[in-house]
>>> print(open('target_3.cif').read())   # mmCIF, C-alpha atoms and all ligand atoms
data_target
#
loop_
_atom_site.label_atom_id
_atom_site.label_comp_id
_atom_site.auth_asym_id
_atom_site.auth_seq_id
_atom_site.Cartn_x
_atom_site.Cartn_y
_atom_site.Cartn_z
CA MET T 1340 0.00 0.00 0.00
CA ALA T 1341 1.36 3.38 -0.96
CA ASP T 1342 0.64 5.29 2.23
CA GLU T 1343 2.31 2.99 4.77
CA VAL T 1344 4.52 4.84 7.24
CA ILE T 1345 6.70 1.75 7.62
CA ARG T 1346 7.15 -1.21 5.34
CA VAL T 1347 9.73 -3.85 6.12
CA GLU T 1348 10.32 -6.77 3.75
CA SER T 1349 12.46 -9.87 4.36
CA LEU T 1350 14.67 -7.95 6.75
CA PHE T 1351 17.80 -9.61 8.13
CA LYS T 1352 20.39 -8.17 10.48
CA ALA T 1353 23.61 -9.77 11.65
CA TYR T 1354 26.20 -8.03 13.84
CA ASP T 1355 29.84 -8.56 12.98
CA THR T 1356 31.61 -10.12 15.95
CA PRO T 1357 35.12 -11.57 16.33
CA ALA T 1358 33.49 -15.00 16.14
CA GLY T 1359 31.81 -14.12 12.81
CA PRO T 1360 28.39 -12.71 11.88
CA PHE T 1361 25.85 -12.96 14.71
CA PRO T 1362 22.30 -13.10 13.27
CA VAL T 1363 19.78 -11.06 15.26
CA LEU T 1364 16.86 -10.35 12.89
CA LYS T 1365 15.69 -13.16 10.64
CA ASP T 1366 13.22 -12.54 7.84
CA VAL T 1367 11.15 -9.82 9.51
CA ASN T 1368 8.14 -8.49 7.57
CA LEU T 1369 5.92 -5.70 8.89
CA SER T 1370 3.70 -2.89 7.63
CA ILE T 1371 2.49 0.00 9.76
CA LEU T 1372 -0.16 2.43 8.54
CA PRO T 1373 -0.56 6.09 9.50
CA GLY T 1374 -2.28 6.49 12.85
CA GLU T 1375 -1.42 3.06 14.21
CA PHE T 1376 -0.23 2.53 17.80
CA VAL T 1377 1.98 -0.56 17.94
CA ALA T 1378 3.67 -2.16 20.95
CA ILE T 1379 6.76 -4.24 20.20
CA MET T 1380 7.25 -6.93 22.82
CA GLY T 1381 9.47 -9.94 23.39
CA PRO T 1382 12.16 -11.24 25.76
CA SER T 1383 15.50 -9.56 26.32
CA GLY T 1384 17.82 -10.19 23.39
CA SER T 1385 15.03 -11.00 20.94
CA GLY T 1386 16.05 -8.14 18.63
CA LYS T 1387 13.57 -5.36 19.54
CA SER T 1388 16.06 -2.52 19.87
CA THR T 1389 18.00 -3.70 16.83
CA PHE T 1390 14.76 -3.55 14.86
CA MET T 1391 13.87 -0.13 16.28
CA ASN T 1392 17.31 1.23 15.39
CA ILE T 1393 16.76 0.14 11.80
CA LEU T 1394 13.27 1.72 11.75
CA GLY T 1395 14.87 4.93 13.04
CA CYS T 1396 17.57 4.82 10.31
CA LEU T 1397 20.17 4.69 13.07
CA ASP T 1398 21.40 1.33 11.74
CA ARG T 1399 21.15 -0.51 8.42
CA PRO T 1400 19.81 -3.98 7.73
CA SER T 1401 22.16 -6.70 6.43
CA ALA T 1402 19.54 -7.70 3.85
CA GLY T 1403 15.94 -6.89 2.95
CA ARG T 1404 14.07 -3.66 2.28
CA TYR T 1405 13.01 -0.85 4.53
CA ILE T 1406 10.59 1.71 3.10
CA LEU T 1407 10.02 4.71 5.39
CA SER T 1408 7.22 7.05 4.41
CA GLY T 1409 7.43 5.84 0.79
CA ARG T 1410 11.24 6.13 0.51
CA ASN T 1411 13.55 3.14 0.18
CA VAL T 1412 16.13 4.02 2.82
CA ALA T 1413 18.87 1.92 1.15
CA GLU T 1414 18.72 4.23 -1.89
CA LEU T 1415 19.33 7.40 0.12
CA GLY T 1416 22.68 8.99 0.88
CA LYS T 1417 23.77 9.89 4.40
CA ASP T 1418 22.44 13.47 4.31
CA GLU T 1419 19.17 12.47 2.66
CA THR T 1420 18.66 9.76 5.30
CA ALA T 1421 19.35 12.25 8.09
CA ALA T 1422 16.90 14.75 6.57
CA LEU T 1423 14.18 12.09 6.16
CA ARG T 1424 14.73 10.93 9.74
CA ASN T 1425 14.61 14.48 11.06
CA ARG T 1426 11.33 15.41 9.45
CA THR T 1427 9.58 12.04 9.83
CA ILE T 1428 10.57 10.59 13.21
CA GLY T 1429 10.63 11.70 16.83
CA PHE T 1430 12.62 9.50 19.22
CA VAL T 1431 11.95 8.79 22.89
CA PHE T 1432 14.32 6.60 24.93
CA GLN T 1433 14.33 4.96 28.34
CA GLY T 1434 16.86 7.46 29.70
CA PHE T 1435 15.49 10.92 29.06
CA ASN T 1436 18.77 12.19 27.57
CA LEU T 1437 18.18 15.84 28.46
CA LEU T 1438 21.15 18.20 28.56
CA PRO T 1439 21.51 19.09 32.26
CA ARG T 1440 22.73 22.68 31.89
CA MET T 1441 20.06 23.71 29.41
CA GLY T 1442 16.57 24.91 30.30
CA LEU T 1443 13.65 22.71 29.24
CA ALA T 1444 12.59 24.91 26.31
CA ASP T 1445 16.16 24.94 24.99
CA ASN T 1446 16.36 21.15 25.33
CA VAL T 1447 13.10 20.80 23.40
CA ALA T 1448 14.21 23.27 20.72
CA LEU T 1449 17.54 21.53 20.09
CA PRO T 1450 16.39 19.31 17.17
CA LEU T 1451 15.04 22.44 15.49
CA VAL T 1452 18.53 23.95 15.38
CA TYR T 1453 19.51 21.11 13.03
CA SER T 1454 16.41 21.79 10.93
CA GLY T 1455 17.61 25.35 10.36
CA ILE T 1456 14.65 27.01 12.12
CA GLY T 1457 15.27 30.52 13.50
CA ARG T 1458 15.58 31.30 17.22
CA GLU T 1459 12.19 32.95 17.66
CA GLU T 1460 10.24 30.17 15.99
CA ARG T 1461 12.25 27.58 17.91
CA ARG T 1462 11.22 29.17 21.19
CA GLU T 1463 7.58 29.44 20.10
CA ARG T 1464 7.41 25.81 19.01
CA ALA T 1465 9.19 24.62 22.16
CA LEU T 1466 6.70 26.46 24.37
CA ALA T 1467 3.77 25.03 22.40
CA VAL T 1468 4.93 21.40 22.72
CA LEU T 1469 5.87 21.84 26.38
CA ASP T 1470 2.35 23.13 26.92
CA LYS T 1471 0.98 20.10 25.12
CA VAL T 1472 2.70 17.69 27.53
CA GLY T 1473 1.49 19.70 30.54
CA LEU T 1474 4.74 21.55 31.30
CA GLY T 1475 3.93 24.99 29.94
CA GLY T 1476 5.03 26.68 33.17
CA TYR T 1477 8.47 25.06 33.27
CA ALA T 1478 10.09 26.45 30.13
CA ASP T 1479 13.23 27.72 31.83
CA SER T 1480 13.58 25.14 34.61
CA LEU T 1481 16.59 22.86 34.56
CA PRO T 1482 16.04 19.11 33.99
CA ASN T 1483 17.30 18.12 37.47
CA ARG T 1484 14.60 20.28 39.10
CA ILE T 1485 11.74 18.16 37.78
CA SER T 1486 10.63 14.55 38.35
CA GLY T 1487 11.47 11.56 36.14
CA GLY T 1488 7.95 11.53 34.70
CA GLN T 1489 8.22 15.23 33.91
CA GLN T 1490 11.63 14.67 32.31
CA GLN T 1491 10.12 12.02 30.07
CA ARG T 1492 7.37 14.49 29.12
CA VAL T 1493 10.08 16.95 28.12
CA ALA T 1494 11.72 14.21 26.02
CA ILE T 1495 8.36 13.60 24.33
CA ALA T 1496 7.99 17.34 23.70
CA ARG T 1497 11.48 17.32 22.15
CA ALA T 1498 10.41 14.39 19.93
CA LEU T 1499 7.38 16.43 18.84
CA ALA T 1500 9.24 19.63 18.07
CA ASN T 1501 9.82 18.73 14.41
CA ARG T 1502 6.15 17.73 14.02
CA PRO T 1503 6.97 14.13 13.12
CA GLN T 1504 4.57 11.70 11.50
CA LEU T 1505 6.01 8.86 13.61
CA ILE T 1506 7.25 8.46 17.18
CA LEU T 1507 9.63 5.61 17.99
CA ALA T 1508 10.00 4.91 21.70
CA ASP T 1509 12.33 2.26 23.19
CA GLU T 1510 11.16 1.33 26.73
CA PRO T 1511 9.96 4.90 27.46
CA THR T 1512 8.46 3.86 30.82
CA GLY T 1513 11.36 1.58 31.82
CA ASN T 1514 12.78 4.07 34.35
CA LEU T 1515 9.42 5.15 35.77
CA ASP T 1516 7.19 3.78 38.52
CA SER T 1517 3.99 2.17 37.28
CA HIS T 1518 1.73 5.15 38.08
CA THR T 1519 4.02 7.58 36.24
CA GLY T 1520 4.36 5.06 33.41
CA GLU T 1521 0.57 5.07 33.02
CA GLU T 1522 0.58 8.88 32.88
CA ILE T 1523 3.21 8.83 30.13
CA MET T 1524 1.11 6.30 28.21
CA GLY T 1525 -1.78 8.77 28.51
CA VAL T 1526 0.40 11.34 26.73
CA PHE T 1527 1.20 8.85 23.94
CA ARG T 1528 -2.47 7.96 23.59
CA ALA T 1529 -3.46 11.61 23.25
CA LEU T 1530 -0.82 12.09 20.54
CA ASN T 1531 -2.04 8.96 18.77
CA ASP T 1532 -5.62 10.30 18.94
CA GLU T 1533 -4.31 13.33 17.01
CA GLY T 1534 -3.07 10.98 14.29
CA ILE T 1535 0.62 10.52 15.13
CA THR T 1536 1.82 6.97 14.47
CA ILE T 1537 3.46 5.43 17.54
CA VAL T 1538 5.74 2.39 17.75
CA LEU T 1539 6.83 1.61 21.27
CA ILE T 1540 8.97 -1.17 22.78
CA THR T 1541 7.96 -2.44 26.19
CA HIS T 1542 8.43 -5.48 28.42
CA GLU T 1543 5.25 -4.76 30.37
CA ASN T 1544 1.84 -6.10 29.43
CA ASP T 1545 0.09 -3.21 31.22
CA ILE T 1546 2.00 -0.71 29.10
CA ALA T 1547 1.46 -2.68 25.86
CA ALA T 1548 -2.27 -2.74 26.62
CA HIS T 1549 -2.40 0.98 25.70
CA ALA T 1550 -1.39 0.17 22.13
CA ARG T 1551 -3.94 -0.97 19.57
CA ARG T 1552 -1.68 -3.62 18.05
CA GLN T 1553 0.94 -5.90 19.54
CA VAL T 1554 3.91 -7.38 17.71
CA ARG T 1555 5.96 -9.97 19.57
CA PHE T 1556 9.54 -10.92 18.74
CA LEU T 1557 11.18 -14.18 19.69
CA ASP T 1558 14.76 -14.97 18.69
CA GLY T 1559 14.77 -12.38 15.90
CA ARG T 1560 11.46 -13.31 14.32
CA ILE T 1561 7.92 -11.94 14.66
CA VAL T 1562 5.88 -14.68 16.31
CA LEU T 1563 2.69 -12.71 16.98
CA ASP T 1564 1.06 -9.70 15.31
CA ALA T 1565 -2.45 -9.05 16.57
CA PRO T 1566 -4.83 -6.33 17.76
CA THR T 1567 -4.63 -5.67 21.50
CA GLN T 1568 -7.15 -7.78 23.35
CA PRO T 1569 -9.49 -5.74 25.56
CA GLN T 1570 -8.45 -6.19 29.20
CA ALA T 1571 -10.91 -7.96 31.49
CA GLU T 1572 -12.69 -5.38 33.66
CA ALA T 1573 -12.60 -6.01 37.40
CA SER T 1574 -16.01 -7.21 38.57
CA PRO T 1575 -17.88 -4.47 40.51
CA CYS T 1576 -18.73 -6.83 43.40
N1 LIG G 1 26.37 -3.88 18.53
C1 LIG G 1 26.17 -5.19 18.75
N2 LIG G 1 27.12 -6.10 18.45
C2 LIG G 1 26.93 -7.42 18.63
N3 LIG G 1 25.78 -7.95 19.15
C3 LIG G 1 24.82 -7.10 19.49
C4 LIG G 1 24.94 -5.67 19.31
N4 LIG G 1 23.79 -5.07 19.73
C5 LIG G 1 23.00 -6.07 20.15
N5 LIG G 1 23.59 -7.28 20.02
C6 LIG G 1 23.00 -8.57 20.34
O1 LIG G 1 21.85 -8.73 19.53
C7 LIG G 1 20.82 -9.40 20.24
C8 LIG G 1 19.56 -8.53 20.20
O2 LIG G 1 19.81 -7.34 20.93
P1 LIG G 1 18.70 -6.21 21.11
O3 LIG G 1 19.34 -5.11 21.86
O4 LIG G 1 18.11 -5.90 19.79
O5 LIG G 1 17.62 -6.98 21.99
P2 LIG G 1 16.31 -6.43 22.76
O6 LIG G 1 15.20 -7.31 22.36
O7 LIG G 1 16.20 -4.98 22.56
O8 LIG G 1 16.71 -6.75 24.28
P3 LIG G 1 16.32 -5.93 25.63
O9 LIG G 1 14.89 -6.29 25.93
O10 LIG G 1 17.27 -6.49 26.64
O11 LIG G 1 16.53 -4.47 25.37
C9 LIG G 1 21.36 -9.66 21.63
O12 LIG G 1 21.84 -10.98 21.67
C10 LIG G 1 22.49 -8.66 21.76
O13 LIG G 1 23.48 -9.15 22.63
MG MG G 2 16.28 -3.31 23.83
#
>>> encode(input="target_3.cif", output="structure tokens")
Amino acid sequence: MADEVIRVESLFKAYDTPAGPFPVLKDVNLSILPGEFVAIMGPSGSGKSTFMNILGCLDRPSAGRYILSGRNVAELGKDETAALRNRTIGFVFQGFNLLPRMGLADNVALPLVYSGIGREERRERALAVLDKVGLGGYADSLPNRISGGQQQRVAIARALANRPQLILADEPTGNLDSHTGEEIMGVFRALNDEGITIVLITHENDIAAHARRQVRFLDGRIVLDAPTQPQAEASPC
């Protein structure tokens, strides 16, 4: 289909190690449409982050095709790949990766510097996305003055600054307590309701339950790809 955000065909990835190539992804096929909310699950070492790094154009497959937003990434040069990544994808990681000596608005505006957007518009956009994640009043606070959940909100705001079509998040609630993790999932859900495509890695079933589709890896292969099952409601009495 022409309008897929992500299309992966017969994807293989092997890492070069002193002992020879170490296969990690084995014949992975996946399509993701605009507006989907996908949880990637699977045991440690099953290849989730390797797959996410390829989706984010941070790493290249050993074989197979990756089409991002209609473009075959293998056919793009380094600068073209970086430009496509910049305008298409926002990244959120487990560690919030904020620069400690920079105020929150400046942290959020950083990706816009690389997009060549002027200072005034950078500030305006940073304030708007901080507002969106509920931190409008904290523009000039330093990252160590706010909680972990708030820091992850800032990281989400930073991911949104370039107005991406797609958010890739690798264990975004991994460093948060379960209550704060639920709050962060509320932010992702609201963004998804606005039409942003979200692909998120998690180990936790409760977190994955917020997604609409679950893809499970085992030993480098997709072993399950299904809509999220509605969770059983607790009985009122
Ligand atoms: N740069 C690398 N060089 C060699 N092997 C690697 C490299 N990165 C990852 N691996 C190996 O590839 C396999 C898959 O790793 P990956 O990080 O993708 O797993 P994961 O599913 O994200 O695991 P986790 O849930 O622990 O984050 C593991 O066996 C890992 O040790
Ligand atoms: Mg991982």
>>> residues_near_ligand(input="target_3.cif", ligand="ligand MG 2 (chain G)", cutoff="12 Å", atoms="all atoms listed in the file", output="JSON, numbers by chain")
{"T": [1379, 1380, 1381, 1382, 1383, 1384, 1385, 1386, 1387, 1388, 1389, 1390, 1391, 1392, 1432, 1433, 1508, 1509, 1510, 1511, 1513, 1539, 1540, 1541, 1542, 1556]}
>>> closest_residue(input="target_3.cif", among="T:Gly1409, T:Val1472, T:Asn1436, T:Ala1478", to="Met1524 of chain T", atoms="all atoms listed in the file")
T:Val1472
>>> atom_distance(input="target_3.cif", atom1="atom CA of Phe1361 of chain T", atom2="atom CA of Arg1410 of chain T")
27.9 Å
>>> closest_residue(input="target_3.cif", among="T:Pro1450, T:Gly1476, T:Pro1566, T:Pro1400", to="Ile1428 of chain T", atoms="only C-alpha atoms")
T:Pro1450
>>> closest_residue(input="target_3.cif", among="T:Asp1470, T:Asp1558, T:Asn1544, T:Pro1569", to="Val1526 of chain T", atoms="all atoms listed in the file")
T:Asp1470
>>> atom_distance(input="target_3.cif", atom1="atom CA of Phe1430 of chain T", atom2="atom CA of Asn1446 of chain T")
13.7 Å
>>> closest_residue(input="target_3.cif", among="T:Leu1466, T:Leu1507, T:Leu1557, T:Val1447", to="Ile1537 of chain T", atoms="only C-alpha atoms")
T:Leu1507
>>> closest_residue(input="target_3.cif", among="T:Glu1348, T:Asp1342, T:Asp1398, T:Glu1375", to="Asp1532 of chain T", atoms="all atoms listed in the file")
T:Glu1375
>>> closest_residue(input="target_3.cif", among="T:Thr1356, T:Gln1568, T:Gln1490, T:Ser1401", to="ligand LIG 1 (chain G)", atoms="all atoms listed in the file")
T:Thr1356
>>> residues_around(input="target_3.cif", residues="Thr1567 of chain T", least_positions_apart="3", cutoff="9 Å", atoms="all atoms listed in the file", output="PyMOL selection string")
chain T and resi 1547-1553+1570
>>> residues_around(input="target_3.cif", residues="segment 1515-1520 of chain T", least_positions_apart="4", cutoff="8 Å", atoms="all atoms listed in the file", output="ChimeraX atom specification")
/T:1487-1488,1524,1546
>>> atom_distance(input="target_3.cif", atom1="atom CA of Ile1506 of chain T", atom2="atom N1 of ligand LIG 1 (chain G)")
22.8 Å
>>> residues_around(input="target_3.cif", residues="Asp1366 of chain T", least_positions_apart="3", cutoff="8 Å", atoms="only C-alpha atoms", output="PyMOL selection string")
chain T and resi 1348-1351+1403+1560
>>> axis_aligned_box(input="target_3.cif", around="ligand LIG 1 (chain G)", padding_each_side="4 Å", output="lines of an AutoDock Vina configuration file")
center_x = 21.0
center_y = -7.4
center_z = 22.5
size_x = 20.2
size_y = 15.1
size_z = 16.2
>>> residues_around(input="target_3.cif", residues="Glu1533 of chain T", least_positions_apart="3", cutoff="12 Å", atoms="all atoms listed in the file", output="tab-separated table (two decimals) with C-alpha atoms, in the frame of the given file")
chain	number	residue	atom	x	y	z
T	1373	PRO	CA	-0.56	6.09	9.50
T	1374	GLY	CA	-2.28	6.49	12.85
T	1375	GLU	CA	-1.42	3.06	14.21
T	1376	PHE	CA	-0.23	2.53	17.80
T	1471	LYS	CA	0.98	20.10	25.12
T	1502	ARG	CA	6.15	17.73	14.02
T	1503	PRO	CA	6.97	14.13	13.12
T	1504	GLN	CA	4.57	11.70	11.50
T	1505	LEU	CA	6.01	8.86	13.61
T	1526	VAL	CA	0.40	11.34	26.73
T	1527	PHE	CA	1.20	8.85	23.94
T	1528	ARG	CA	-2.47	7.96	23.59
T	1529	ALA	CA	-3.46	11.61	23.25
T	1530	LEU	CA	-0.82	12.09	20.54
T	1536	THR	CA	1.82	6.97	14.47
T	1537	ILE	CA	3.46	5.43	17.54
>>> residues_around(input="target_3.cif", residues="Ile1345 of chain T", least_positions_apart="2", cutoff="7 Å", atoms="all atoms listed in the file", output="ChimeraX atom specification")
/T:1343,1347,1370-1372,1406-1408
